[in-house]
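Colleague: Have a look at this one before I ask anything.
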Amino acid sequence: MVRIAHISDSHLGAAMFQLVERKEDMRKCFRQAVEKAISYEPDILVHTGDLFDSHEPSPEDLQTAIALFKKVKDAGIRAFVVQGNHDLVGRRWAVSPVVSLERAGLAYTTIDSQYRALRVNVDGSKVVLHLVSWGPEKTTRRLISEARPNGDINLLFAHTLPIRWEESPLGFNYIGEGHGHNFRLDKELGIGRPGSTAIVEWRREVGYGRTRKLIVIDVSKDGENVYTTEKLEDVREFNISKIDITGHSGEEAHQYLRDKIAKISFKSNGGIAIVQVVGTIDSETDEAIKREELIALGEKDQNTLISFLEPNWDVLGARPFKLTKPLDVETSVKEYVEQSNQGNPEEFLEILKPLIKKR
Ligand SMILES: [Mn+2]
């Protein structure tokens, strides 16, 4: 039996809302995922790419990765890392920071090309791992279709599979991918995607059915795979809610948002509160919503790291006026004043009468 631990998309260096705290969070989440993986005592650990958020990681991020892969190695686990789109500058695989891990003797990568097949011996079984880094879709497709499952146990890991899972190549004991940040596992097909090790993009990664997990696969030469999954919680609490302010005046909308923010509660300090504000309002209401004041309120009262109001509301433009007799100045002025609520139309007409007569 060969035990494989599969994680992905750690995006070391990503800073949601440009918060330096989030960079530290990313490192903590990655450490948590690696330590969980090690606790299962796997033979092999695979990371399917976007280990770094940028091809030029900070020294802190590079050192975090090196220290953790050293820990993996010291635990007697062989590590394999595929290069994701974020790890790369163009298609220059050799200069990816991921390759530094291979240079340091800590992990196997695809080094200077998009594809590499590696053979390792585990308990007398010949295990073949096909690694496919990020690259042009067409080439990725070809590399995947050309990978030959000729070992005792055959594994395929790609940053992304540019095919429907049902159309994936046959003969592999397990196929793993990254890129998508939400967990997905099809035990029938033997294909899995752990999702990211932390929340990178809240819009796509928080909400019903969206989770991130460590996938542990026990593969035997003959017989079914046995899967164990463990949820990877972000180290920071997120609270995301939605509010519709359609039909509210400026004052009301502001108060409504104030109340909403006051009701958000966190188990611990330093949470991230996000309120998506939707609806259709007029420009006066738009001006009456003081975002900075509301955001400061969340940070003060809820001890959040950040309270963020996402302005998804639509603002109505100027309303069209209906003039029944466009060539009659008096009627038109009257209708305009009435429809734009500018006061008593008679007063306007008093001022205008001498002007109209002169013409
Ligand atoms: Mn990614």
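If you're wondering about the labels, chains in the structure tokens are A, B, ... by order shown, residues count from 1 in each chain, ligands from 1 in order shown.
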Can you list, as a PyMOL selection string, every protein, DNA or RNA residue that comes within 6 Å of range 7-21 of chain A when you count only C-alpha atoms, leaving out same-chain residues fewer than 2 positions away?
Modeller: chain A and resi 23-24+26+30+47-53+61+178+194+196-197+214
Colleague: Just N, CA and C atoms for this one: save the residues we selected as a compact mmCIF listing (two decimals), in the first residue's frame.
Modeller:
# COMPACT_ATOMS: atom_id res chain seq x y z
N LYS A 23 -0.71 37.89 4.99
CA LYS A 23 0.48 37.18 4.52
C LYS A 23 0.93 36.17 5.56
N GLU A 24 0.89 36.62 6.81
CA GLU A 24 1.26 35.73 7.91
C GLU A 24 0.22 34.59 8.01
N MET A 26 -1.44 33.24 5.59
CA MET A 26 -1.19 32.28 4.51
C MET A 26 -0.11 31.28 4.92
N PHE A 30 -0.65 27.26 5.61
CA PHE A 30 0.17 26.28 4.88
C PHE A 30 0.86 25.34 5.88
N HIS A 47 2.02 18.53 -3.75
CA HIS A 47 1.41 19.86 -3.76
C HIS A 47 1.19 20.20 -5.23
N THR A 48 -0.07 20.44 -5.61
CA THR A 48 -0.35 20.63 -7.03
C THR A 48 -0.30 22.09 -7.49
N GLY A 49 0.59 22.88 -6.92
CA GLY A 49 0.90 24.18 -7.51
C GLY A 49 0.27 25.40 -6.90
N ASP A 50 0.78 26.56 -7.34
CA ASP A 50 0.50 27.84 -6.71
C ASP A 50 0.91 27.77 -5.24
N LEU A 51 2.09 27.21 -5.05
CA LEU A 51 2.67 27.20 -3.70
C LEU A 51 2.90 28.64 -3.28
N PHE A 52 3.39 29.43 -4.24
CA PHE A 52 3.61 30.86 -4.00
C PHE A 52 2.58 31.66 -4.78
N ASP A 53 2.31 32.86 -4.28
CA ASP A 53 1.36 33.73 -4.98
C ASP A 53 2.06 34.47 -6.12
N ASP A 61 8.46 34.05 2.89
CA ASP A 61 7.65 33.00 2.26
C ASP A 61 8.54 31.86 1.75
N GLY A 178 -4.99 20.93 -9.01
CA GLY A 178 -5.10 22.12 -8.15
C GLY A 178 -5.88 23.17 -8.89
N PRO A 194 -7.90 19.16 -3.77
CA PRO A 194 -8.07 19.54 -2.36
C PRO A 194 -8.62 20.95 -2.15
N SER A 196 -7.56 25.19 -1.94
CA SER A 196 -6.41 25.91 -1.40
C SER A 196 -6.21 25.58 0.07
N THR A 197 -5.06 25.96 0.62
CA THR A 197 -4.83 25.72 2.05
C THR A 197 -5.36 26.87 2.90
N LEU A 214 -7.54 18.44 3.11
CA LEU A 214 -6.38 17.61 2.84
C LEU A 214 -6.95 16.29 2.34
Colleague: Write out as number ranges by chain each polymer residue whose atoms come within 12 Å of Asp74 in chain A, counting only C-alpha atoms; drop sequence neighbours fewer than 2 positions from it.
Modeller: A: 38, 41, 67-72, 76-79, 105-107
Colleague: Those same residues, written as a PDB file, in the first residue's frame with C-alpha atoms?
Modeller:
ATOM      1  CA  ILE A  38       2.669  14.659   8.060  1.00  0.00           C
ATOM      2  CA  GLU A  41       2.534   9.393   7.902  1.00  0.00           C
ATOM      3  CA  ALA A  67      11.513  24.913   6.452  1.00  0.00           C
ATOM      4  CA  LEU A  68       8.291  22.970   5.950  1.00  0.00           C
ATOM      5  CA  PHE A  69       9.550  20.807   3.099  1.00  0.00           C
ATOM      6  CA  LYS A  70      12.597  20.100   5.269  1.00  0.00           C
ATOM      7  CA  LYS A  71      10.203  18.871   7.943  1.00  0.00           C
ATOM      8  CA  VAL A  72       8.494  16.660   5.363  1.00  0.00           C
ATOM      9  CA  GLY A  76      10.827  10.316   5.638  1.00  0.00           C
ATOM     10  CA  ILE A  77       8.188  11.540   3.179  1.00  0.00           C
ATOM     11  CA  ARG A  78       8.992  12.179  -0.469  1.00  0.00           C
ATOM     12  CA  ALA A  79       7.633  15.493  -1.706  1.00  0.00           C
ATOM     13  CA  GLY A 105      17.088  18.448  -2.282  1.00  0.00           C
ATOM     14  CA  LEU A 106      13.696  18.840  -0.618  1.00  0.00           C
ATOM     15  CA  ALA A 107      11.179  18.073  -3.375  1.00  0.00           C
TER      16      ALA A 107
END
Colleague: Taking 3 positions as the minimum chain separation for residues in the same chain, which residues sit within 10 Å of Ile281 in chain A when counting only C-alpha atoms? Answer as a list in words.
Modeller: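 Result of the neighbour search: Asp244, Ile245, Thr246, Gly247, His248, Ser249, Gly250, Ala253, Val278, Glu284, Thr285, Asp286, Trp313, Asp314, Val315, Leu316 and Gly317 of chain A.
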Colleague: Extract, using only C-alpha atoms, all DNA, RNA and protein residues at most 9 Å from range 126-141 of chain A, discarding same-chain residues fewer than 4 positions from it, and format them as a PyMOL selection string.
Modeller: chain A and resi 2+48-49+80-85+87-88+90-91+93+109-110+113-122+145-163
Colleague: Just checking: using only C-alpha atoms and all ligand atoms, which residue out of A:Glu177, A:Asp328, A:Glu224, A:Glu293 ends up closest to ligand 1?
Modeller: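 Of A:Glu177, A:Asp328, A:Glu224, A:Glu293, the one nearest ligand 1, counting only C-alpha atoms and all ligand atoms, is A:Glu177.
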Colleague: Please report, as number ranges by chain, each residue of range 49-212 of chain A to which DSSP assigns strand (DSSP E) when run on this structure's backbone.
Modeller: A: 78-81, 115-122, 125-132, 153-158, 174-177, 184-186, 191-193
Colleague: Using only C-alpha atoms and all ligand atoms, pick whichever of A:Gly124, A:Gly180, A:Gly298, A:Pro42 has the shortest atom-to-atom distance to ligand 1.
Modeller: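 Between A:Gly124, A:Gly180, A:Gly298, A:Pro42, the residue approaching ligand 1 most closely is A:Gly180.
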Colleague: Let me make sure I understand: among A:Thr64, A:Gln339, A:Ser241, A:Asn182, which one has the smallest atom-to-atom distance to ligand 1 if we use only C-alpha atoms and all ligand atoms?
Modeller: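 Selected residue with least distance to ligand 1: A:Asn182.
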Colleague: Could you tell me which of A:Glu102, A:Asp112, A:Glu205, A:Asp186 comes closest to ligand 1 if we count only C-alpha atoms and all ligand atoms?
Modeller: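 Residue with the minimum atom-to-atom distance to ligand 1: A:Glu205.
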Colleague: Calculated over only C-alpha atoms and all ligand atoms, which of the candidates A:Ile261, A:Val329, A:Val200, A:Leu323 has the smallest distance to ligand 1?
Modeller: A:Val200
Colleague: Closest to Glu230 in chain A among A:Leu349, A:Ile217, A:Val337, A:Ile199, using only C-alpha atoms?
Modeller: A:Ile217
